[in-house]
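Enquirer: Contents of data-v7.cif (mmCIF, C-alpha atoms):
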```
data_query
#
loop_
_atom_site.group_PDB
_atom_site.id
_atom_site.type_symbol
_atom_site.label_atom_id
_atom_site.label_comp_id
_atom_site.auth_asym_id
_atom_site.auth_seq_id
_atom_site.Cartn_x
_atom_site.Cartn_y
_atom_site.Cartn_z
ATOM 1 C CA MET A 445 23.587 42.703 -140.739
ATOM 2 C CA SER A 446 20.605 40.347 -141.005
ATOM 3 C CA GLN A 447 17.152 41.655 -141.847
ATOM 4 C CA LEU A 448 15.684 43.260 -138.732
ATOM 5 C CA PRO A 449 12.017 43.037 -137.723
ATOM 6 C CA GLY A 450 9.757 46.015 -138.292
ATOM 7 C CA ALA A 451 8.166 45.762 -134.853
ATOM 8 C CA VAL A 452 9.029 44.369 -131.430
ATOM 9 C CA SER A 453 6.913 43.474 -128.407
ATOM 10 C CA ILE A 454 8.224 44.667 -125.042
ATOM 11 C CA ARG A 455 6.992 43.190 -121.781
ATOM 12 C CA GLU A 456 7.493 45.654 -118.942
ATOM 13 C CA VAL A 457 8.640 43.751 -115.827
ATOM 14 C CA GLY A 458 9.345 46.647 -113.479
ATOM 15 C CA PRO A 459 6.315 46.130 -111.211
ATOM 16 C CA ARG A 460 7.354 42.538 -110.478
ATOM 17 C CA ASP A 461 10.946 41.727 -111.391
ATOM 18 C CA GLY A 462 12.010 45.337 -110.919
ATOM 19 C CA LEU A 463 10.615 45.751 -107.418
ATOM 20 C CA GLN A 464 11.331 42.283 -106.033
ATOM 21 C CA ASN A 465 14.936 43.208 -105.239
ATOM 22 C CA GLU A 466 14.064 46.561 -103.647
ATOM 23 C CA ASP A 467 13.088 47.376 -100.101
ATOM 24 C CA PRO A 468 9.279 47.110 -100.052
ATOM 25 C CA ILE A 469 7.503 50.295 -101.081
ATOM 26 C CA PRO A 470 3.898 51.129 -100.106
ATOM 27 C CA THR A 471 1.082 49.405 -101.941
ATOM 28 C CA ASP A 472 -0.293 52.659 -103.322
ATOM 29 C CA ALA A 473 3.137 53.477 -104.773
ATOM 30 C CA LYS A 474 3.188 50.142 -106.584
ATOM 31 C CA VAL A 475 -0.258 50.841 -107.969
ATOM 32 C CA ARG A 476 0.849 54.295 -109.166
ATOM 33 C CA LEU A 477 3.770 52.729 -111.000
ATOM 34 C CA LEU A 478 1.661 49.987 -112.565
ATOM 35 C CA ASP A 479 -1.033 52.428 -113.673
ATOM 36 C CA ALA A 480 1.514 54.851 -115.116
ATOM 37 C CA LEU A 481 3.145 52.067 -117.115
ATOM 38 C CA SER A 482 -0.259 50.983 -118.437
ATOM 39 C CA ALA A 483 -0.620 54.448 -120.016
ATOM 40 C CA THR A 484 2.672 54.377 -121.969
ATOM 41 C CA GLY A 485 1.518 52.198 -124.856
ATOM 42 C CA VAL A 486 3.384 49.109 -123.667
ATOM 43 C CA GLY A 487 1.485 46.010 -124.748
ATOM 44 C CA ARG A 488 2.430 43.611 -121.960
ATOM 45 C CA ILE A 489 3.152 44.068 -118.252
ATOM 46 C CA GLU A 490 4.313 41.554 -115.676
ATOM 47 C CA ALA A 491 2.236 42.930 -112.826
ATOM 48 C CA VAL A 492 2.952 40.868 -109.694
ATOM 49 C CA SER A 493 4.164 37.541 -108.401
ATOM 50 C CA PHE A 494 2.226 35.327 -106.016
ATOM 51 C CA VAL A 495 5.047 34.108 -103.800
ATOM 52 C CA HIS A 496 5.363 33.539 -100.066
ATOM 53 C CA PRO A 497 6.070 36.886 -98.336
ATOM 54 C CA ARG A 498 9.008 35.396 -96.464
ATOM 55 C CA ALA A 499 10.668 34.540 -99.774
ATOM 56 C CA ILE A 500 10.060 37.895 -101.498
ATOM 57 C CA PRO A 501 8.801 40.486 -98.963
ATOM 58 C CA ALA A 502 8.405 43.111 -101.693
ATOM 59 C CA MET A 503 5.597 41.049 -103.265
ATOM 60 C CA ALA A 504 3.654 40.425 -100.044
ATOM 61 C CA ASP A 505 0.815 42.729 -101.143
ATOM 62 C CA ALA A 506 0.360 41.292 -104.652
ATOM 63 C CA ASP A 507 -3.380 40.727 -104.209
ATOM 64 C CA GLU A 508 -3.933 44.271 -102.937
ATOM 65 C CA VAL A 509 -1.893 45.814 -105.753
ATOM 66 C CA TRP A 510 -3.774 43.927 -108.426
ATOM 67 C CA ARG A 511 -7.195 44.723 -106.966
ATOM 68 C CA ALA A 512 -6.389 48.442 -106.911
ATOM 69 C CA ALA A 513 -4.762 48.686 -110.350
ATOM 70 C CA VAL A 514 -6.541 50.292 -113.296
ATOM 71 C CA ARG A 515 -6.350 47.679 -116.029
ATOM 72 C CA ALA A 516 -5.981 49.078 -119.516
ATOM 73 C CA PRO A 517 -7.965 46.958 -121.988
ATOM 74 C CA GLU A 518 -5.179 47.062 -124.579
ATOM 75 C CA VAL A 519 -2.536 45.711 -122.157
ATOM 76 C CA ARG A 520 -1.915 42.018 -121.499
ATOM 77 C CA TYR A 521 -1.062 41.491 -117.832
ATOM 78 C CA SER A 522 0.726 38.441 -116.451
ATOM 79 C CA ALA A 523 1.777 37.082 -113.069
ATOM 80 C CA LEU A 524 4.616 34.849 -111.908
ATOM 81 C CA VAL A 525 3.875 31.856 -109.677
ATOM 82 C CA PRO A 526 6.293 29.439 -107.963
ATOM 83 C CA ASN A 527 3.923 26.587 -107.124
ATOM 84 C CA SER A 528 0.318 25.379 -107.116
ATOM 85 C CA ARG A 529 -0.682 27.652 -104.241
ATOM 86 C CA GLY A 530 0.634 30.665 -106.123
ATOM 87 C CA ALA A 531 -1.120 29.440 -109.257
ATOM 88 C CA GLN A 532 -4.448 29.208 -107.431
ATOM 89 C CA ARG A 533 -4.009 32.742 -106.109
ATOM 90 C CA ALA A 534 -3.223 34.047 -109.601
ATOM 91 C CA LEU A 535 -6.254 32.312 -111.081
ATOM 92 C CA ALA A 536 -8.488 33.614 -108.295
ATOM 93 C CA ALA A 537 -7.210 37.128 -109.041
ATOM 94 C CA GLY A 538 -8.267 36.736 -112.660
ATOM 95 C CA PHE A 539 -4.946 36.251 -114.428
ATOM 96 C CA THR A 540 -5.028 34.216 -117.626
ATOM 97 C CA GLU A 541 -1.343 34.579 -118.529
ATOM 98 C CA ILE A 542 0.887 32.861 -115.988
ATOM 99 C CA GLU A 543 4.656 32.485 -115.802
ATOM 100 C CA VAL A 544 6.560 29.766 -113.991
ATOM 101 C CA VAL A 545 10.309 29.614 -113.586
ATOM 102 C CA VAL A 546 13.017 26.976 -113.480
ATOM 103 C CA SER A 547 16.772 27.501 -113.414
ATOM 104 C CA ALA A 548 19.029 25.779 -115.918
ATOM 105 C CA SER A 549 21.580 25.558 -113.096
ATOM 106 C CA ASP A 550 20.814 23.065 -110.330
ATOM 107 C CA THR A 551 22.598 25.174 -107.714
ATOM 108 C CA HIS A 552 20.687 28.337 -108.542
ATOM 109 C CA ASN A 553 17.422 26.404 -108.654
ATOM 110 C CA ARG A 554 18.063 25.032 -105.160
ATOM 111 C CA ARG A 555 18.893 28.519 -103.847
ATOM 112 C CA ASN A 556 15.777 29.894 -105.511
ATOM 113 C CA VAL A 557 13.127 27.239 -104.769
ATOM 114 C CA ASN A 558 14.968 24.570 -102.730
ATOM 115 C CA ARG A 559 14.607 21.912 -105.438
ATOM 116 C CA SER A 560 16.746 20.443 -108.172
ATOM 117 C CA THR A 561 16.060 21.471 -111.759
ATOM 118 C CA ALA A 562 14.616 18.019 -112.453
ATOM 119 C CA GLU A 563 12.261 18.271 -109.466
ATOM 120 C CA SER A 564 11.083 21.707 -110.604
ATOM 121 C CA LEU A 565 10.394 20.386 -114.089
ATOM 122 C CA ASP A 566 8.176 17.681 -112.591
ATOM 123 C CA ASP A 567 6.334 20.358 -110.601
ATOM 124 C CA ILE A 568 5.958 22.536 -113.695
ATOM 125 C CA ALA A 569 4.371 19.676 -115.629
ATOM 126 C CA GLU A 570 1.662 19.512 -112.961
ATOM 127 C CA LEU A 571 1.279 23.308 -112.944
ATOM 128 C CA ILE A 572 0.809 23.381 -116.714
ATOM 129 C CA GLU A 573 -1.987 20.840 -116.426
ATOM 130 C CA LEU A 574 -3.616 22.801 -113.594
ATOM 131 C CA LEU A 575 -3.397 26.159 -115.375
ATOM 132 C CA HIS A 576 -4.518 24.844 -118.739
ATOM 133 C CA GLY A 577 -7.469 23.238 -117.009
ATOM 134 C CA ALA A 578 -8.445 26.697 -115.749
ATOM 135 C CA GLY A 579 -8.082 28.256 -119.204
ATOM 136 C CA ALA A 580 -4.777 30.036 -118.582
ATOM 137 C CA SER A 581 -1.685 30.036 -120.797
ATOM 138 C CA VAL A 582 1.715 29.124 -119.358
ATOM 139 C CA GLU A 583 5.111 30.615 -120.114
ATOM 140 C CA VAL A 584 8.116 28.772 -118.716
ATOM 141 C CA ILE A 585 11.026 31.068 -117.886
ATOM 142 C CA VAL A 586 14.416 29.356 -117.857
ATOM 143 C CA ALA A 587 16.615 31.343 -115.463
ATOM 144 C CA THR A 588 20.435 31.304 -115.629
ATOM 145 C CA SER A 589 20.168 30.428 -119.325
ATOM 146 C CA PHE A 590 23.408 32.234 -120.142
ATOM 147 C CA GLY A 591 25.395 31.432 -117.003
ATOM 148 C CA CYS A 592 25.129 30.788 -113.275
ATOM 149 C CA PRO A 593 26.655 32.772 -110.379
ATOM 150 C CA TYR A 594 27.489 29.490 -108.638
ATOM 151 C CA GLU A 595 28.307 27.061 -111.448
ATOM 152 C CA GLY A 596 29.595 29.383 -114.164
ATOM 153 C CA ASP A 597 28.867 28.600 -117.815
ATOM 154 C CA VAL A 598 25.651 26.814 -118.731
ATOM 155 C CA ALA A 599 25.717 24.743 -121.910
ATOM 156 C CA PRO A 600 23.134 25.782 -124.539
ATOM 157 C CA GLU A 601 22.336 22.105 -124.993
ATOM 158 C CA ARG A 602 21.216 21.874 -121.360
ATOM 159 C CA VAL A 603 18.839 24.793 -121.844
ATOM 160 C CA ALA A 604 17.562 23.316 -125.104
ATOM 161 C CA GLY A 605 16.877 20.036 -123.290
ATOM 162 C CA ILE A 606 14.807 21.880 -120.683
ATOM 163 C CA VAL A 607 12.831 23.513 -123.482
ATOM 164 C CA ASP A 608 12.194 20.126 -125.082
ATOM 165 C CA ARG A 609 10.823 18.862 -121.762
ATOM 166 C CA VAL A 610 8.500 21.795 -121.023
ATOM 167 C CA VAL A 611 7.195 21.930 -124.595
ATOM 168 C CA ALA A 612 6.419 18.212 -124.390
ATOM 169 C CA ASP A 613 4.583 18.933 -121.138
ATOM 170 C CA GLY A 614 2.438 21.579 -122.856
ATOM 171 C CA ALA A 615 4.155 24.947 -122.239
ATOM 172 C CA ASP A 616 2.682 27.616 -124.508
ATOM 173 C CA ARG A 617 5.861 29.666 -124.730
ATOM 174 C CA VAL A 618 9.349 29.928 -123.257
ATOM 175 C CA ALA A 619 11.593 32.736 -122.050
ATOM 176 C CA PHE A 620 15.299 32.782 -121.326
ATOM 177 C CA GLY A 621 16.617 34.785 -118.395
ATOM 178 C CA ASP A 622 20.110 36.238 -118.254
ATOM 179 C CA THR A 623 19.895 36.190 -114.482
ATOM 180 C CA THR A 624 23.495 37.209 -113.830
ATOM 181 C CA GLY A 625 24.171 39.411 -116.855
ATOM 182 C CA MET A 626 26.659 36.842 -118.198
ATOM 183 C CA GLY A 627 25.037 36.946 -121.634
ATOM 184 C CA THR A 628 27.061 38.147 -124.610
ATOM 185 C CA PRO A 629 26.196 38.211 -128.324
ATOM 186 C CA ARG A 630 28.059 34.920 -128.760
ATOM 187 C CA ARG A 631 26.097 33.225 -125.997
ATOM 188 C CA VAL A 632 22.826 34.620 -127.331
ATOM 189 C CA ARG A 633 23.545 33.300 -130.802
ATOM 190 C CA GLU A 634 24.537 29.859 -129.519
ATOM 191 C CA LEU A 635 21.506 29.514 -127.253
ATOM 192 C CA VAL A 636 18.908 30.725 -129.756
ATOM 193 C CA THR A 637 20.417 28.506 -132.450
ATOM 194 C CA ALA A 638 20.356 25.444 -130.176
ATOM 195 C CA VAL A 639 16.752 26.003 -129.140
ATOM 196 C CA ARG A 640 15.477 26.885 -132.604
ATOM 197 C CA SER A 641 17.115 23.781 -134.078
ATOM 198 C CA ALA A 642 14.985 21.552 -131.852
ATOM 199 C CA GLN A 643 11.893 23.732 -131.346
ATOM 200 C CA PRO A 644 11.499 26.055 -134.338
ATOM 201 C CA ASP A 645 7.866 26.942 -133.615
ATOM 202 C CA VAL A 646 7.748 27.668 -129.887
ATOM 203 C CA PRO A 647 7.358 31.408 -129.103
ATOM 204 C CA VAL A 648 10.540 32.763 -127.494
ATOM 205 C CA LEU A 649 11.134 35.818 -125.306
ATOM 206 C CA LEU A 650 14.521 36.991 -124.013
ATOM 207 C CA HIS A 651 15.181 38.671 -120.668
ATOM 208 C CA PHE A 652 18.522 40.436 -120.230
ATOM 209 C CA HIS A 653 20.204 41.977 -117.235
ATOM 210 C CA ASN A 654 22.810 44.653 -117.784
ATOM 211 C CA THR A 655 25.317 43.626 -115.123
ATOM 212 C CA ARG A 656 28.251 43.680 -117.545
ATOM 213 C CA GLY A 657 26.896 46.306 -119.911
ATOM 214 C CA THR A 658 25.984 43.920 -122.748
ATOM 215 C CA GLY A 659 22.194 44.137 -122.577
ATOM 216 C CA LEU A 660 21.556 46.240 -125.688
ATOM 217 C CA ALA A 661 24.185 44.360 -127.682
ATOM 218 C CA ASN A 662 22.437 41.123 -126.755
ATOM 219 C CA ILE A 663 19.095 42.501 -127.901
ATOM 220 C CA LEU A 664 20.582 43.566 -131.244
ATOM 221 C CA THR A 665 21.999 40.080 -131.743
ATOM 222 C CA ALA A 666 18.633 38.527 -130.891
ATOM 223 C CA LEU A 667 16.897 40.851 -133.364
ATOM 224 C CA GLU A 668 19.248 39.629 -136.082
ATOM 225 C CA LEU A 669 18.216 36.083 -135.178
ATOM 226 C CA GLY A 670 14.536 36.931 -135.592
ATOM 227 C CA ILE A 671 13.549 37.308 -131.930
ATOM 228 C CA THR A 672 10.854 39.952 -131.511
ATOM 229 C CA GLU A 673 9.850 39.653 -127.836
ATOM 230 C CA PHE A 674 11.860 41.039 -124.941
ATOM 231 C CA ASP A 675 11.532 41.885 -121.267
ATOM 232 C CA ALA A 676 12.702 45.232 -119.955
ATOM 233 C CA SER A 677 12.306 47.090 -116.676
ATOM 234 C CA ILE A 678 11.557 50.761 -116.162
ATOM 235 C CA GLY A 679 14.650 52.698 -115.127
ATOM 236 C CA GLY A 680 16.731 49.515 -115.108
ATOM 237 C CA LEU A 681 15.099 48.335 -111.875
ATOM 238 C CA GLY A 682 15.629 44.781 -110.815
ATOM 239 C CA GLY A 683 18.009 42.003 -109.996
ATOM 240 C CA CYS A 684 17.761 38.547 -108.532
ATOM 241 C CA PRO A 685 17.794 37.979 -104.755
ATOM 242 C CA TYR A 686 19.515 34.616 -105.346
ATOM 243 C CA ALA A 687 22.176 35.783 -107.828
ATOM 244 C CA PRO A 688 24.933 37.659 -105.985
ATOM 245 C CA GLY A 689 26.187 40.687 -107.913
ATOM 246 C CA ALA A 690 23.406 40.695 -110.498
ATOM 247 C CA SER A 691 22.318 44.232 -111.262
ATOM 248 C CA GLY A 692 19.105 45.391 -112.840
ATOM 249 C CA ASN A 693 17.377 44.487 -116.043
ATOM 250 C CA VAL A 694 17.908 46.414 -119.248
ATOM 251 C CA ALA A 695 16.070 49.720 -118.892
ATOM 252 C CA THR A 696 12.855 49.856 -120.895
ATOM 253 C CA GLU A 697 13.466 53.429 -122.008
ATOM 254 C CA GLU A 698 16.970 52.533 -123.242
ATOM 255 C CA VAL A 699 15.607 49.612 -125.246
ATOM 256 C CA VAL A 700 12.764 51.676 -126.716
ATOM 257 C CA HIS A 701 15.105 54.565 -127.544
ATOM 258 C CA MET A 702 17.433 52.225 -129.455
ATOM 259 C CA LEU A 703 14.632 50.432 -131.279
ATOM 260 C CA HIS A 704 12.871 53.635 -132.351
ATOM 261 C CA ASP A 705 16.139 55.101 -133.599
ATOM 262 C CA MET A 706 16.542 51.944 -135.714
ATOM 263 C CA GLY A 707 13.063 52.370 -137.175
ATOM 264 C CA ILE A 708 11.604 49.429 -135.213
ATOM 265 C CA GLU A 709 8.127 50.019 -133.817
ATOM 266 C CA THR A 710 7.165 49.228 -130.217
ATOM 267 C CA GLY A 711 3.892 51.105 -129.801
ATOM 268 C CA ILE A 712 5.371 52.812 -126.735
ATOM 269 C CA ASP A 713 5.472 56.578 -126.138
ATOM 270 C CA LEU A 714 9.092 57.262 -125.174
ATOM 271 C CA ASP A 715 8.369 60.630 -123.562
ATOM 272 C CA ARG A 716 5.772 59.069 -121.271
ATOM 273 C CA LEU A 717 8.110 56.189 -120.541
ATOM 274 C CA ILE A 718 10.857 58.559 -119.381
ATOM 275 C CA GLU A 719 8.345 60.303 -117.130
ATOM 276 C CA VAL A 720 7.478 56.932 -115.575
ATOM 277 C CA ALA A 721 11.187 56.200 -115.076
ATOM 278 C CA GLU A 722 11.451 59.479 -113.179
ATOM 279 C CA LEU A 723 8.465 58.417 -111.080
ATOM 280 C CA ALA A 724 10.028 55.008 -110.399
ATOM 281 C CA GLU A 725 13.204 56.684 -109.196
ATOM 282 C CA LYS A 726 11.219 58.774 -106.729
ATOM 283 C CA LEU A 727 9.189 55.815 -105.498
ATOM 284 C CA VAL A 728 12.204 53.608 -104.718
ATOM 285 C CA GLY A 729 14.183 56.540 -103.322
ATOM 286 C CA ARG A 730 17.428 56.035 -105.184
ATOM 287 C CA GLN A 731 19.074 56.873 -108.483
ATOM 288 C CA LEU A 732 18.340 54.260 -111.118
ATOM 289 C CA PRO A 733 20.933 53.113 -113.665
ATOM 290 C CA SER A 734 19.084 54.222 -116.806
ATOM 291 C CA GLY A 735 21.341 56.144 -119.172
ATOM 292 C CA VAL A 736 18.337 57.649 -120.952
ATOM 293 C CA LEU A 737 16.980 58.945 -117.656
ATOM 294 C CA ARG A 738 20.322 60.530 -116.847
ATOM 295 C CA ALA A 739 20.650 62.110 -120.311
ATOM 296 C CA GLY A 740 17.270 63.812 -120.120
ATOM 297 C CA PRO A 741 15.405 65.515 -122.996
ATOM 298 C CA ARG A 742 18.248 65.044 -125.483
ATOM 299 C CA THR A 743 17.266 61.394 -125.721
ATOM 300 C CA ARG A 744 13.881 62.117 -127.230
ATOM 301 C CA LEU A 745 13.568 61.339 -130.902
ATOM 302 C CA VAL A 746 11.799 63.487 -133.496
#
```
Show how you would write the structure in this file as structure tokens.
Expert:
Amino acid sequence: MSQLPGAVSIREVGPRDGLQNEDPIPTDAKVRLLDALSATGVGRIEAVSFVHPRAIPAMADADEVWRAAVRAPEVRYSALVPNSRGAQRALAAGFTEIEVVVSASDTHNRRNVNRSTAESLDDIAELIELLHGAGASVEVIVATSFGCPYEGDVAPERVAGIVDRVVADGADRVAFGDTTGMGTPRRVRELVTAVRSAQPDVPVLLHFHNTRGTGLANILTALELGITEFDASIGGLGGCPYAPGASGNVATEEVVHMLHDMGIETGIDLDRLIEVAELAEKLVGRQLPSGVLRAGPRTRLV
């Protein structure tokens, strides 16, 4: 096994990515979840997305949620935007870390934002200029990086080409989304290798879904390749409205449990995290897929 990092940064995406695929819950419930996550020791949280309410009804109250949230000074909060109007709303709300998304698959991109991948890349170039001009950093998330529900396999070289384009346009960092859970250790290795060969210095974050049960294996492979930044969602909440059959993200408490058992620091209090997963389950009104949550106190490490 390759040398593993001593510490990893987890971005909690439950409040945005996790809830976007759920029936809308009350604003105060979203605030409770966001505030509880802020008290777990997690260093980064994707708080909301500024999208049209017809597209993602669960995010219709993003402004209200963010105004009511208690912002922990040690947490970096970010927001996802689809276009310039969303970007202006995020900036007006005070966000300085902004995410934009493009799909490696043309078909998924059209289902998601009604544009081709090339058209979205042109839009993102303009967004980067706008956001940088306002003093914000920009992370470009490449969805369907490991496969598409409509087109099947996505070549690593195609994803690497998208990275080349957005880096040339000024992106501060990139993330790769396993939108459909098609990622496997082989695909992770091939993609990271392809991207690193062309862009060795760009910060990289990986975002795995657990549709086919390979999420933790994919994270282990990425760790061996030197990746130290990952998304995860409390309780395993999440999914993509435009990716049929895609289940939730890897559960934050499962990821943290594995990393701590391996001696890798996250700065997160696992006991508190499990309590928040229990809260999330109550708020959405259904059993969440987290194995740690199901196993209970035996998961806690001493």
Enquirer: Just say which residues the PyMOL selection byres ((chain A and resi 674) around 7) picks in this file, as a ChimeraX atom specification.
Expert: /A:453-455,649-651,672-673,675-676
Enquirer: Please evaluate the PyMOL selection byres ((chain A and resi 541-544) around 7) against the structure above and give the resulting residues as a count of residues only.
Expert: 15
Enquirer: For the provided coordinates, the residues matched by the PyMOL selection byres ((chain A and resi 640) around 12) should be stated as an NGL selection string.
Expert: :A and (600-601 or 603-605 or 607-608 or 618 or 632-639 or 641-648 or 669-671)
Enquirer: Tell me which of A:Ser547, A:Asp566, A:Asp597, A:Gly538 sits closest to Phe620 (chain A), counting all atoms listed in the file.
Expert: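 Comparing A:Ser547, A:Asp566, A:Asp597, A:Gly538 against Phe620 (chain A), the winner is A:Ser547.
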Enquirer: Could you pull out every residue with an atom within 9 Å of (27.6, 42.1, -121.3), file coordinates, counting only C-alpha atoms, and send them as a ChimeraX atom specification?
Expert: /A:625-629,653-662
Enquirer: Which residue is closest to Ala512 (chain A)? Choose from A:Thr588, A:Gln447, A:Thr471, A:Thr696 and count all atoms listed in the file.
Expert: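 Smallest distance to Ala512 (chain A) is found for A:Thr471.
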Enquirer: Go ahead and fit an axis-aligned box to every listed atom of region 689-705 of chain A plus 5 Å each side, and pass me the centre and edge lengths in Å, one decimal, as lines of an AutoDock Vina configuration file.
Expert:
```
center_x = 19.5
center_y = 47.9
center_z = -120.8
size_x = 23.4
size_y = 24.4
size_z = 35.7
```
Enquirer: To one decimal place in Å, what is the distance between CA of Leu727 (chain A) and CA of Ala504 (chain A)?
Expert: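 CA of Leu727 (chain A) sits 17.2 Å away from CA of Ala504 (chain A).
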Enquirer: Write out as a PyMOL selection string the residues lying within 7 Å of Gly462 (chain A), counting only C-alpha atoms and excluding same-chain residues fewer than 2 positions away.
Expert: chain A and resi 457-460+464-465+677+681-683
Enquirer: Taking 5 positions as the minimum chain separation for residues in the same chain, which residues sit within 10 Å of Gly679 (chain A) when counting only C-alpha atoms? Answer as a PyMOL selection string.
Expert: chain A and resi 458+462+692-698+717-718+720-725+731-738
Enquirer: Write to file, as a PDB file, keeping the file's coordinate frame, the residues of the selection just made, with C-alpha atoms.
Expert:
```pdb
ATOM      1  CA  GLY A 458       9.345  46.647-113.479  1.00  0.00           C
ATOM      2  CA  GLY A 462      12.010  45.337-110.919  1.00  0.00           C
ATOM      3  CA  GLY A 692      19.105  45.391-112.840  1.00  0.00           C
ATOM      4  CA  ASN A 693      17.377  44.487-116.043  1.00  0.00           C
ATOM      5  CA  VAL A 694      17.908  46.414-119.248  1.00  0.00           C
ATOM      6  CA  ALA A 695      16.070  49.720-118.892  1.00  0.00           C
ATOM      7  CA  THR A 696      12.855  49.856-120.895  1.00  0.00           C
ATOM      8  CA  GLU A 697      13.466  53.429-122.008  1.00  0.00           C
ATOM      9  CA  GLU A 698      16.970  52.533-123.242  1.00  0.00           C
ATOM     10  CA  LEU A 717       8.110  56.189-120.541  1.00  0.00           C
ATOM     11  CA  ILE A 718      10.857  58.559-119.381  1.00  0.00           C
ATOM     12  CA  VAL A 720       7.478  56.932-115.575  1.00  0.00           C
ATOM     13  CA  ALA A 721      11.187  56.200-115.076  1.00  0.00           C
ATOM     14  CA  GLU A 722      11.451  59.479-113.179  1.00  0.00           C
ATOM     15  CA  LEU A 723       8.465  58.417-111.080  1.00  0.00           C
ATOM     16  CA  ALA A 724      10.028  55.008-110.399  1.00  0.00           C
ATOM     17  CA  GLU A 725      13.204  56.684-109.196  1.00  0.00           C
ATOM     18  CA  GLN A 731      19.074  56.873-108.483  1.00  0.00           C
ATOM     19  CA  LEU A 732      18.340  54.260-111.118  1.00  0.00           C
ATOM     20  CA  PRO A 733      20.933  53.113-113.665  1.00  0.00           C
ATOM     21  CA  SER A 734      19.084  54.222-116.806  1.00  0.00           C
ATOM     22  CA  GLY A 735      21.341  56.144-119.172  1.00  0.00           C
ATOM     23  CA  VAL A 736      18.337  57.649-120.952  1.00  0.00           C
ATOM     24  CA  LEU A 737      16.980  58.945-117.656  1.00  0.00           C
ATOM     25  CA  ARG A 738      20.322  60.530-116.847  1.00  0.00           C
TER      26      ARG A 738
END
```
Enquirer: Give me, please, the distance in Å between CA of Leu664 (chain A) and CA of Asp622 (chain A), quoted to one decimal.
Expert: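 It comes out at 14.9 Å.
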Enquirer: So how far away is CA of Ala451 (chain A) from CA of Gly707 (chain A), in Å?
Expert: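 One can read the CA of Gly707 (chain A) to CA of Ala451 (chain A) distance as 8.5 Å.
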